[in-house]
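Participant: I am sharing model_24.pdb, which consists of PDB, C-alpha atoms:
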```
ATOM      1  CA  ILE A1251     -38.678 -12.773 -45.094  1.00  0.00           C
ATOM      2  CA  ASP A1252     -38.541  -9.376 -43.394  1.00  0.00           C
ATOM      3  CA  ASP A1253     -39.335 -10.987 -40.056  1.00  0.00           C
ATOM      4  CA  ALA A1254     -36.536 -13.500 -40.553  1.00  0.00           C
ATOM      5  CA  LYS A1255     -34.065 -10.720 -41.398  1.00  0.00           C
ATOM      6  CA  ALA A1256     -35.181  -8.730 -38.372  1.00  0.00           C
ATOM      7  CA  ALA A1257     -34.782 -11.752 -36.100  1.00  0.00           C
ATOM      8  CA  LYS A1258     -31.338 -12.476 -37.546  1.00  0.00           C
ATOM      9  CA  LEU A1259     -30.305  -8.832 -37.092  1.00  0.00           C
ATOM     10  CA  ALA A1260     -31.571  -8.819 -33.522  1.00  0.00           C
ATOM     11  CA  LYS A1261     -29.686 -12.036 -32.816  1.00  0.00           C
ATOM     12  CA  THR A1262     -26.498 -10.551 -34.296  1.00  0.00           C
ATOM     13  CA  LYS A1263     -26.832  -7.394 -32.196  1.00  0.00           C
ATOM     14  CA  ALA A1264     -27.462  -9.489 -29.068  1.00  0.00           C
ATOM     15  CA  SER A1265     -24.339 -11.555 -29.800  1.00  0.00           C
ATOM     16  CA  GLU A1266     -22.286  -8.401 -30.356  1.00  0.00           C
ATOM     17  CA  LYS A1267     -23.593  -6.916 -27.109  1.00  0.00           C
ATOM     18  CA  ALA A1268     -22.790 -10.120 -25.223  1.00  0.00           C
ATOM     19  CA  LEU A1269     -19.271 -10.088 -26.675  1.00  0.00           C
ATOM     20  CA  ARG A1270     -18.778  -6.432 -25.683  1.00  0.00           C
ATOM     21  CA  ASP A1271     -20.052  -7.128 -22.190  1.00  0.00           C
ATOM     22  CA  THR A1272     -17.718 -10.116 -21.877  1.00  0.00           C
ATOM     23  CA  LEU A1273     -14.730  -8.095 -23.060  1.00  0.00           C
ATOM     24  CA  LEU A1274     -15.637  -5.223 -20.744  1.00  0.00           C
ATOM     25  CA  THR A1275     -15.942  -7.614 -17.810  1.00  0.00           C
ATOM     26  CA  ALA A1276     -12.555  -9.107 -18.677  1.00  0.00           C
ATOM     27  CA  VAL A1277     -11.006  -5.624 -18.775  1.00  0.00           C
ATOM     28  CA  ARG A1278     -12.536  -4.822 -15.386  1.00  0.00           C
ATOM     29  CA  VAL A1279     -11.185  -8.038 -13.895  1.00  0.00           C
ATOM     30  CA  VAL A1280      -7.719  -7.296 -15.284  1.00  0.00           C
ATOM     31  CA  ILE A1281      -7.724  -3.760 -13.883  1.00  0.00           C
ATOM     32  CA  VAL A1282      -8.902  -4.890 -10.441  1.00  0.00           C
ATOM     33  CA  THR A1283      -6.302  -7.677 -10.458  1.00  0.00           C
ATOM     34  CA  LEU A1284      -3.580  -5.177 -11.370  1.00  0.00           C
ATOM     35  CA  SER A1285      -4.850  -2.900  -8.600  1.00  0.00           C
ATOM     36  CA  LEU A1286      -4.497  -5.729  -6.087  1.00  0.00           C
ATOM     37  CA  ILE A1287      -1.018  -6.620  -7.287  1.00  0.00           C
ATOM     38  CA  THR A1288       0.002  -2.965  -7.241  1.00  0.00           C
ATOM     39  CA  SER A1289      -1.476  -2.362  -3.803  1.00  0.00           C
ATOM     40  CA  PHE A1290       0.585  -5.230  -2.427  1.00  0.00           C
ATOM     41  CA  GLN A1291       3.829  -4.586  -4.282  1.00  0.00           C
ATOM     42  CA  ILE A1292       4.154  -0.884  -3.501  1.00  0.00           C
ATOM     43  CA  ARG A1293       3.715  -1.684   0.181  1.00  0.00           C
ATOM     44  CA  LEU A1294       6.715  -4.007   0.068  1.00  0.00           C
ATOM     45  CA  PHE A1295       9.186  -1.192  -0.616  1.00  0.00           C
ATOM     46  CA  ALA A1296      10.578  -1.179   2.927  1.00  0.00           C
ATOM     47  CA  VAL A1297      10.919  -4.971   2.946  1.00  0.00           C
ATOM     48  CA  GLU A1298      12.735  -5.001  -0.373  1.00  0.00           C
ATOM     49  CA  ARG A1299      15.155  -2.348   0.842  1.00  0.00           C
ATOM     50  CA  TYR A1300      15.659  -3.213   4.527  1.00  0.00           C
ATOM     51  CA  GLY A1301      14.451  -6.781   4.881  1.00  0.00           C
ATOM     52  CA  ARG A1302      11.696  -8.299   6.985  1.00  0.00           C
ATOM     53  CA  VAL A1303      11.902  -6.009   9.995  1.00  0.00           C
ATOM     54  CA  ILE A1304       9.351  -4.168  12.093  1.00  0.00           C
ATOM     55  CA  HIS A1305       9.931  -0.428  12.036  1.00  0.00           C
ATOM     56  CA  GLU A1306       8.701   2.524  14.146  1.00  0.00           C
ATOM     57  CA  PHE A1307       8.050   2.535  17.883  1.00  0.00           C
ATOM     58  CA  ASP A1308       4.367   1.540  18.092  1.00  0.00           C
ATOM     59  CA  PRO A1309       4.739  -1.391  15.671  1.00  0.00           C
ATOM     60  CA  TRP A1310       7.528  -2.775  17.862  1.00  0.00           C
ATOM     61  CA  PHE A1311       5.289  -2.705  20.917  1.00  0.00           C
ATOM     62  CA  ASN A1312       2.440  -4.221  18.884  1.00  0.00           C
ATOM     63  CA  PHE A1313       4.739  -7.038  17.767  1.00  0.00           C
ATOM     64  CA  ARG A1314       5.896  -7.638  21.329  1.00  0.00           C
ATOM     65  CA  ALA A1315       2.280  -7.832  22.468  1.00  0.00           C
ATOM     66  CA  THR A1316       1.490 -10.221  19.616  1.00  0.00           C
ATOM     67  CA  GLN A1317       4.412 -12.426  20.600  1.00  0.00           C
ATOM     68  CA  TYR A1318       3.205 -12.488  24.203  1.00  0.00           C
ATOM     69  CA  LEU A1319      -0.284 -13.501  23.050  1.00  0.00           C
ATOM     70  CA  ALA A1320       1.102 -16.261  20.825  1.00  0.00           C
ATOM     71  CA  ASP A1321       3.309 -17.613  23.625  1.00  0.00           C
ATOM     72  CA  ASN A1322       0.913 -17.314  26.571  1.00  0.00           C
ATOM     73  CA  GLY A1323      -2.640 -17.397  25.251  1.00  0.00           C
ATOM     74  CA  TRP A1324      -5.562 -15.022  25.619  1.00  0.00           C
ATOM     75  CA  LYS A1325      -6.184 -15.506  29.349  1.00  0.00           C
ATOM     76  CA  ARG A1326      -2.706 -14.394  30.412  1.00  0.00           C
ATOM     77  CA  PHE A1327      -2.600 -11.742  27.689  1.00  0.00           C
ATOM     78  CA  SER A1328      -5.827 -10.107  28.868  1.00  0.00           C
ATOM     79  CA  THR A1329      -4.404  -9.736  32.391  1.00  0.00           C
ATOM     80  CA  TRP A1330      -0.829  -8.933  31.362  1.00  0.00           C
ATOM     81  CA  PHE A1331       0.848  -6.107  33.267  1.00  0.00           C
ATOM     82  CA  ASP A1332       3.893  -5.051  31.278  1.00  0.00           C
ATOM     83  CA  TYR A1333       6.621  -3.618  33.524  1.00  0.00           C
ATOM     84  CA  MET A1334       8.771  -2.781  30.491  1.00  0.00           C
ATOM     85  CA  SER A1335       6.282  -0.243  29.104  1.00  0.00           C
ATOM     86  CA  TRP A1336       5.655   3.256  30.470  1.00  0.00           C
ATOM     87  CA  TYR A1337       8.670   2.716  32.722  1.00  0.00           C
ATOM     88  CA  PRO A1338       8.836   2.926  35.698  1.00  0.00           C
ATOM     89  CA  LEU A1339       5.067   2.732  36.170  1.00  0.00           C
ATOM     90  CA  GLY A1340       4.384  -0.183  33.855  1.00  0.00           C
ATOM     91  CA  ARG A1341       1.279  -0.716  31.788  1.00  0.00           C
ATOM     92  CA  PRO A1342      -1.801  -2.947  32.212  1.00  0.00           C
ATOM     93  CA  VAL A1343      -1.812  -4.070  28.594  1.00  0.00           C
ATOM     94  CA  GLY A1344      -5.018  -6.073  28.829  1.00  0.00           C
ATOM     95  CA  THR A1345      -7.089  -2.978  29.592  1.00  0.00           C
ATOM     96  CA  THR A1346      -5.185  -0.359  27.580  1.00  0.00           C
ATOM     97  CA  ILE A1347      -4.844  -1.994  24.166  1.00  0.00           C
ATOM     98  CA  TYR A1348      -7.104  -2.653  21.199  1.00  0.00           C
ATOM     99  CA  PRO A1349      -6.276  -6.354  20.708  1.00  0.00           C
ATOM    100  CA  GLY A1350      -8.005  -6.975  17.393  1.00  0.00           C
ATOM    101  CA  MET A1351      -4.778  -6.733  15.428  1.00  0.00           C
ATOM    102  CA  GLN A1352      -2.857  -9.046  17.749  1.00  0.00           C
ATOM    103  CA  VAL A1353      -5.636 -11.636  17.737  1.00  0.00           C
ATOM    104  CA  THR A1354      -5.893 -11.496  13.943  1.00  0.00           C
ATOM    105  CA  ALA A1355      -2.129 -11.834  13.445  1.00  0.00           C
ATOM    106  CA  VAL A1356      -1.864 -14.784  15.824  1.00  0.00           C
ATOM    107  CA  SER A1357      -4.850 -16.432  14.117  1.00  0.00           C
ATOM    108  CA  ILE A1358      -3.158 -16.073  10.719  1.00  0.00           C
ATOM    109  CA  PHE A1359       0.105 -17.363  12.188  1.00  0.00           C
ATOM    110  CA  ASN A1360      -1.605 -20.439  13.648  1.00  0.00           C
ATOM    111  CA  ALA A1361      -3.626 -21.056  10.483  1.00  0.00           C
ATOM    112  CA  LEU A1362      -0.506 -21.020   8.304  1.00  0.00           C
ATOM    113  CA  LYS A1363       1.267 -23.324  10.729  1.00  0.00           C
ATOM    114  CA  ALA A1364      -1.676 -25.718  10.664  1.00  0.00           C
ATOM    115  CA  LEU A1365      -1.477 -25.895   6.852  1.00  0.00           C
ATOM    116  CA  GLY A1366       1.973 -27.430   7.096  1.00  0.00           C
ATOM    117  CA  SER A1367       5.612 -26.498   6.767  1.00  0.00           C
ATOM    118  CA  ASN A1368       5.167 -25.346   3.158  1.00  0.00           C
ATOM    119  CA  TYR A1369       2.937 -22.492   4.322  1.00  0.00           C
ATOM    120  CA  ALA A1370       4.270 -21.809   7.821  1.00  0.00           C
ATOM    121  CA  MET A1371       5.782 -18.379   8.478  1.00  0.00           C
ATOM    122  CA  SER A1372       7.482 -16.935  11.518  1.00  0.00           C
ATOM    123  CA  LEU A1373       5.399 -14.610  13.653  1.00  0.00           C
ATOM    124  CA  ASN A1374       7.771 -11.794  12.719  1.00  0.00           C
ATOM    125  CA  ASP A1375       7.139 -12.345   9.001  1.00  0.00           C
ATOM    126  CA  VAL A1376       3.374 -12.496   9.514  1.00  0.00           C
ATOM    127  CA  CYS A1377       3.464  -9.174  11.330  1.00  0.00           C
ATOM    128  CA  VAL A1378       5.755  -7.628   8.706  1.00  0.00           C
ATOM    129  CA  PHE A1379       3.491  -8.564   5.790  1.00  0.00           C
ATOM    130  CA  PHE A1380       0.273  -7.994   7.760  1.00  0.00           C
ATOM    131  CA  PRO A1381      -0.229  -4.341   6.669  1.00  0.00           C
ATOM    132  CA  ALA A1382       0.384  -5.140   2.989  1.00  0.00           C
ATOM    133  CA  TRP A1383      -2.096  -8.027   3.053  1.00  0.00           C
ATOM    134  CA  PHE A1384      -4.836  -5.944   4.580  1.00  0.00           C
ATOM    135  CA  GLY A1385      -4.003  -3.042   2.302  1.00  0.00           C
ATOM    136  CA  ALA A1386      -4.917  -5.290  -0.624  1.00  0.00           C
ATOM    137  CA  VAL A1387      -8.092  -6.457   1.133  1.00  0.00           C
ATOM    138  CA  ALA A1388      -9.112  -2.830   1.724  1.00  0.00           C
ATOM    139  CA  THR A1389      -8.735  -2.198  -2.004  1.00  0.00           C
ATOM    140  CA  VAL A1390     -11.264  -4.934  -2.782  1.00  0.00           C
ATOM    141  CA  LEU A1391     -13.680  -3.751  -0.095  1.00  0.00           C
ATOM    142  CA  VAL A1392     -13.656  -0.187  -1.410  1.00  0.00           C
ATOM    143  CA  ALA A1393     -14.506  -1.564  -4.856  1.00  0.00           C
ATOM    144  CA  PHE A1394     -17.449  -3.493  -3.356  1.00  0.00           C
ATOM    145  CA  LEU A1395     -18.591  -0.439  -1.406  1.00  0.00           C
ATOM    146  CA  THR A1396     -18.445   1.763  -4.505  1.00  0.00           C
ATOM    147  CA  ALA A1397     -20.355  -0.765  -6.585  1.00  0.00           C
ATOM    148  CA  GLU A1398     -23.013  -1.063  -3.891  1.00  0.00           C
ATOM    149  CA  CYS A1399     -23.487   2.688  -3.504  1.00  0.00           C
ATOM    150  CA  SER A1400     -23.206   3.718  -7.162  1.00  0.00           C
ATOM    151  CA  GLY A1401     -24.489   0.662  -8.966  1.00  0.00           C
ATOM    152  CA  SER A1402     -21.656   1.115 -11.430  1.00  0.00           C
ATOM    153  CA  ALA A1403     -19.045  -1.558 -12.065  1.00  0.00           C
ATOM    154  CA  ASN A1404     -16.824   0.986 -13.820  1.00  0.00           C
ATOM    155  CA  SER A1405     -16.872   3.227 -10.752  1.00  0.00           C
ATOM    156  CA  ALA A1406     -15.907   0.246  -8.606  1.00  0.00           C
ATOM    157  CA  VAL A1407     -12.926  -0.476 -10.826  1.00  0.00           C
ATOM    158  CA  ILE A1408     -11.737   3.129 -10.628  1.00  0.00           C
ATOM    159  CA  ALA A1409     -12.209   3.127  -6.852  1.00  0.00           C
ATOM    160  CA  ALA A1410     -10.058  -0.002  -6.547  1.00  0.00           C
ATOM    161  CA  LEU A1411      -7.353   1.575  -8.676  1.00  0.00           C
ATOM    162  CA  VAL A1412      -7.339   4.754  -6.588  1.00  0.00           C
ATOM    163  CA  MET A1413      -7.435   2.920  -3.264  1.00  0.00           C
ATOM    164  CA  SER A1414      -4.477   0.774  -4.240  1.00  0.00           C
ATOM    165  CA  ILE A1415      -2.155   3.781  -4.553  1.00  0.00           C
ATOM    166  CA  VAL A1416      -3.720   6.618  -2.534  1.00  0.00           C
ATOM    167  CA  PRO A1417      -0.981   7.968  -0.204  1.00  0.00           C
ATOM    168  CA  ALA A1418      -3.296   8.462   2.788  1.00  0.00           C
ATOM    169  CA  HIS A1419      -3.847   4.710   2.954  1.00  0.00           C
ATOM    170  CA  THR A1420      -0.464   3.585   1.676  1.00  0.00           C
ATOM    171  CA  MET A1421       1.463   5.414   4.399  1.00  0.00           C
ATOM    172  CA  ARG A1422      -0.477   3.530   7.103  1.00  0.00           C
ATOM    173  CA  SER A1423      -0.221   0.088   5.518  1.00  0.00           C
ATOM    174  CA  VAL A1424       3.415  -0.287   4.506  1.00  0.00           C
ATOM    175  CA  ALA A1425       4.920  -3.716   5.188  1.00  0.00           C
ATOM    176  CA  GLY A1426       6.766  -3.561   8.488  1.00  0.00           C
ATOM    177  CA  GLY A1427       4.538  -0.772   9.803  1.00  0.00           C
ATOM    178  CA  TYR A1428       2.616  -3.147  12.032  1.00  0.00           C
ATOM    179  CA  ASP A1429       0.192  -0.618  13.503  1.00  0.00           C
ATOM    180  CA  ASN A1430      -3.522  -0.604  14.257  1.00  0.00           C
ATOM    181  CA  GLU A1431      -4.516   1.505  11.261  1.00  0.00           C
ATOM    182  CA  SER A1432      -3.303  -1.164   8.856  1.00  0.00           C
ATOM    183  CA  LEU A1433      -6.133  -3.413  10.016  1.00  0.00           C
ATOM    184  CA  ALA A1434      -8.621  -0.782  11.140  1.00  0.00           C
ATOM    185  CA  VAL A1435      -8.981   0.882   7.732  1.00  0.00           C
ATOM    186  CA  THR A1436      -9.810  -2.498   6.231  1.00  0.00           C
ATOM    187  CA  ALA A1437     -12.311  -3.221   9.008  1.00  0.00           C
ATOM    188  CA  MET A1438     -13.821   0.237   8.547  1.00  0.00           C
ATOM    189  CA  CYS A1439     -14.301  -0.354   4.811  1.00  0.00           C
ATOM    190  CA  LEU A1440     -15.870  -3.728   5.619  1.00  0.00           C
ATOM    191  CA  THR A1441     -18.262  -2.108   8.104  1.00  0.00           C
ATOM    192  CA  PHE A1442     -19.356   0.555   5.617  1.00  0.00           C
ATOM    193  CA  PHE A1443     -19.840  -2.004   2.853  1.00  0.00           C
ATOM    194  CA  VAL A1444     -21.862  -4.462   4.925  1.00  0.00           C
ATOM    195  CA  TRP A1445     -23.961  -1.613   6.383  1.00  0.00           C
ATOM    196  CA  CYS A1446     -24.819  -0.280   2.919  1.00  0.00           C
ATOM    197  CA  ARG A1447     -25.453  -3.806   1.617  1.00  0.00           C
ATOM    198  CA  ALA A1448     -27.890  -4.395   4.474  1.00  0.00           C
ATOM    199  CA  LEU A1449     -29.931  -1.396   3.284  1.00  0.00           C
ATOM    200  CA  ARG A1450     -30.355  -2.600  -0.307  1.00  0.00           C
ATOM    201  CA  ASN A1451     -33.857  -3.968   0.219  1.00  0.00           C
ATOM    202  CA  GLU A1452     -36.135  -5.427   2.891  1.00  0.00           C
ATOM    203  CA  LYS A1453     -34.818  -8.946   2.288  1.00  0.00           C
ATOM    204  CA  SER A1454     -31.298  -7.792   3.248  1.00  0.00           C
ATOM    205  CA  TRP A1455     -32.214  -7.126   6.884  1.00  0.00           C
ATOM    206  CA  TRP A1456     -30.205 -10.120   8.144  1.00  0.00           C
ATOM    207  CA  ILE A1457     -27.007  -8.606   6.732  1.00  0.00           C
ATOM    208  CA  GLY A1458     -27.352  -5.944   9.405  1.00  0.00           C
ATOM    209  CA  SER A1459     -26.120  -8.523  11.914  1.00  0.00           C
ATOM    210  CA  LEU A1460     -22.943  -8.910   9.843  1.00  0.00           C
ATOM    211  CA  ALA A1461     -22.566  -5.139   9.948  1.00  0.00           C
ATOM    212  CA  GLY A1462     -22.688  -5.379  13.738  1.00  0.00           C
ATOM    213  CA  VAL A1463     -19.999  -8.062  13.771  1.00  0.00           C
ATOM    214  CA  ALA A1464     -17.814  -6.006  11.415  1.00  0.00           C
ATOM    215  CA  TYR A1465     -18.294  -2.962  13.615  1.00  0.00           C
ATOM    216  CA  VAL A1466     -17.288  -4.847  16.771  1.00  0.00           C
ATOM    217  CA  TYR A1467     -14.229  -6.182  14.944  1.00  0.00           C
ATOM    218  CA  MET A1468     -13.241  -2.663  13.907  1.00  0.00           C
ATOM    219  CA  VAL A1469     -13.745  -1.372  17.456  1.00  0.00           C
ATOM    220  CA  ALA A1470     -11.458  -4.132  18.752  1.00  0.00           C
ATOM    221  CA  ALA A1471      -8.753  -3.035  16.332  1.00  0.00           C
ATOM    222  CA  TRP A1472      -8.611   0.749  16.632  1.00  0.00           C
ATOM    223  CA  GLY A1473      -9.434   3.610  18.945  1.00  0.00           C
ATOM    224  CA  GLY A1474     -10.676   5.634  15.985  1.00  0.00           C
ATOM    225  CA  TYR A1475     -13.855   3.543  15.829  1.00  0.00           C
ATOM    226  CA  THR A1476     -15.828   6.703  16.660  1.00  0.00           C
ATOM    227  CA  PHE A1477     -15.466   7.684  13.000  1.00  0.00           C
ATOM    228  CA  VAL A1478     -17.528   4.658  12.019  1.00  0.00           C
ATOM    229  CA  LEU A1479     -19.943   5.123  14.919  1.00  0.00           C
ATOM    230  CA  ASN A1480     -20.638   8.704  13.890  1.00  0.00           C
ATOM    231  CA  MET A1481     -20.993   7.973  10.169  1.00  0.00           C
ATOM    232  CA  VAL A1482     -23.333   4.993  10.618  1.00  0.00           C
ATOM    233  CA  GLY A1483     -25.415   6.901  13.176  1.00  0.00           C
ATOM    234  CA  LEU A1484     -25.604   9.981  10.945  1.00  0.00           C
ATOM    235  CA  HIS A1485     -26.594   7.874   7.948  1.00  0.00           C
ATOM    236  CA  ALA A1486     -29.275   6.032   9.920  1.00  0.00           C
ATOM    237  CA  ALA A1487     -30.700   9.322  11.254  1.00  0.00           C
ATOM    238  CA  THR A1488     -30.741  10.830   7.759  1.00  0.00           C
ATOM    239  CA  LEU A1489     -32.604   7.808   6.378  1.00  0.00           C
ATOM    240  CA  VAL A1490     -35.246   8.220   9.089  1.00  0.00           C
ATOM    241  CA  LEU A1491     -35.618  11.935   8.338  1.00  0.00           C
ATOM    242  CA  VAL A1492     -36.125  11.371   4.611  1.00  0.00           C
ATOM    243  CA  GLY A1493     -38.460   8.440   5.197  1.00  0.00           C
ATOM    244  CA  GLN A1494     -36.185   5.758   3.718  1.00  0.00           C
ATOM    245  CA  TYR A1495     -36.355   3.218   6.553  1.00  0.00           C
TER     246      TYR A1495
END
```
Let me see the file written as structure tokens.
Facilitator:
Amino acid sequence: IDDAKAAKLAKTKASEKALRDTLLTAVRVVIVTLSLITSFQIRLFAVERYGRVIHEFDPWFNFRATQYLADNGWKRFSTWFDYMSWYPLGRPVGTTIYPGMQVTAVSIFNALKALGSNYAMSLNDVCVFFPAWFGAVATVLVAFLTAECSGSANSAVIAALVMSIVPAHTMRSVAGGYDNESLAVTAMCLTFFVWCRALRNEKSWWIGSLAGVAYVYMVAAWGGYTFVLNMVGLHAATLVLVGQY
């Protein structure tokens, strides 16, 4: 009889624990979802007030370069000498630009157009919303990175919440501010996450190749790639010094 009571009590406790875990997971999902919605909505402030326009000087040039790529293709874009920039000298755009953002925006533009008229957007609108989209993606990636490094789902949720509203990121990913940082921060977070994920165990070695792809993508998007280069190199050197390789 005592064994039966003990088994029943253990089963009840297991059910209660499962219910708590389910509720906690649901709360986490809700918070992360709210973080994503918040991260997107607060970046639409300029659009809601001024409409779907590109603002600031660099974003206007970036949009013009994106339009040229969409209209003329990669071959002409890579050899494009722009006489309207750096006047009167002109600018060899193909060798003085980080084209990752332009290529990504045109790819999104073409993908939406391929899905049909219900999903198609003008290139201007794609470029306007581009920073807000990738701001939300960066929020998710920071949550993944935090979970990978800390092993704590609660820490990941808090990281997502902070990343969604932190001013240092928000100011560089406002809708209409079509600049390199809006993509590069997301690519940087992706590089850090995939690099750390590749170090989880010996069976994760193949993920290192994805880290390389993410790194190349980030380099193509932003001249500040040296931040990632230095951090990954420093981390790798530290792991060798402490014998964790």
Participant: Can you pull out every residue within 9 Å of segment 1482-1495 of chain A, counting all atoms listed in the file, but drop anything in the same chain fewer than 5 positions away, and send it as a PDB file with C-alpha atoms, in the frame of the given file?
Facilitator:
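The resulting result.pdb:
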```
ATOM      1  CA  PHE A1442     -19.356   0.555   5.617  1.00  0.00           C
ATOM      2  CA  TRP A1445     -23.961  -1.613   6.383  1.00  0.00           C
ATOM      3  CA  LEU A1449     -29.931  -1.396   3.284  1.00  0.00           C
ATOM      4  CA  PHE A1477     -15.466   7.684  13.000  1.00  0.00           C
TER       5      PHE A1477
END
```
Participant: Given only C-alpha atoms as the basis, pick out the residue of A:Met1438, A:Ala1320, A:Ile1415, A:Met1421 nearest to Asn1360 of chain A.
Facilitator: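 Smallest separation from Asn1360 of chain A among the options: A:Ala1320.
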Participant: Residues at most 6 Å from segment 1372-1388 of chain A, counting all atoms listed in the file, excluding those fewer than 4 positions away in the same chain, as a compact mmCIF listing (two decimals) with C-alpha atoms, in the coordinates of the input?
Facilitator:
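The file below, part_27.txt, is the result:
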```
# COMPACT_ATOMS: atom_id res chain seq x y z
CA LEU A 1286 -4.50 -5.73 -6.09
CA SER A 1289 -1.48 -2.36 -3.80
CA PHE A 1290 0.58 -5.23 -2.43
CA ARG A 1293 3.72 -1.68 0.18
CA SER A 1423 -0.22 0.09 5.52
CA VAL A 1424 3.42 -0.29 4.51
CA ALA A 1425 4.92 -3.72 5.19
CA GLY A 1426 6.77 -3.56 8.49
CA SER A 1432 -3.30 -1.16 8.86
CA THR A 1436 -9.81 -2.50 6.23
```
Participant: Can you measure atom CA of Leu1391 of chain A to atom CA of Cys1439 of chain A for me? One decimal in Å is fine.
Facilitator: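 About the pair atom CA of Leu1391 of chain A and atom CA of Cys1439 of chain A: they are 6.0 Å apart.
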Participant: What is the distance between atom CA of Val1303 of chain A and atom CA of Ala1418 of chain A, in Å to one decimal?
Facilitator: 22.2 Å
Participant: Would you give the centre and edge lengths, in Å to one decimal, of a box along x, y and z around the listed atoms of segment 1271-1281 of chain A, with 4 Å added to each side, as lines of an AutoDock Vina configuration file?
Facilitator:
```
center_x = -13.9
center_y = -6.9
center_z = -18.5
size_x = 20.3
size_y = 14.4
size_z = 17.2
```
Participant: Excluding Pro1349 of chain A and its own-chain neighbours fewer than 6 positions away, which residues fall within 12 Å of it when counting all atoms listed in the file? Please give them as an MDAnalysis selection string.
Facilitator: chainID A and resid 1312:1313 1315:1316 1318:1319 1324 1327:1328 1343 1355:1356 1429:1430 1433:1434 1466:1473
Participant: Could you check the closest approach to Ala1403 of chain A for each of A:Ala1254, A:Leu1339, A:Val1282, A:Cys1446 and tell me which residue wins, using all atoms listed in the file?
Facilitator: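 Selected residue with least distance to Ala1403 of chain A: A:Val1282.
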Participant: So how many Å separate atom CA of Thr1396 of chain A and atom CA of Ala1409 of chain A, to one decimal?
Facilitator: 6.8 Å
Participant: Applied to the shown file, which residues does the PyMOL selection byres ((chain A and resi 1397) around 12) return, written as a list in words?
Facilitator: Val1390, Leu1391, Val1392, Ala1393, Phe1394, Leu1395, Thr1396, Glu1398, Cys1399, Ser1400, Gly1401, Ser1402, Ala1403, Asn1404, Ser1405, Ala1406, Val1407, Ile1408, Ala1409, Ala1410, Phe1443, Cys1446, Arg1447 and Arg1450 of chain A
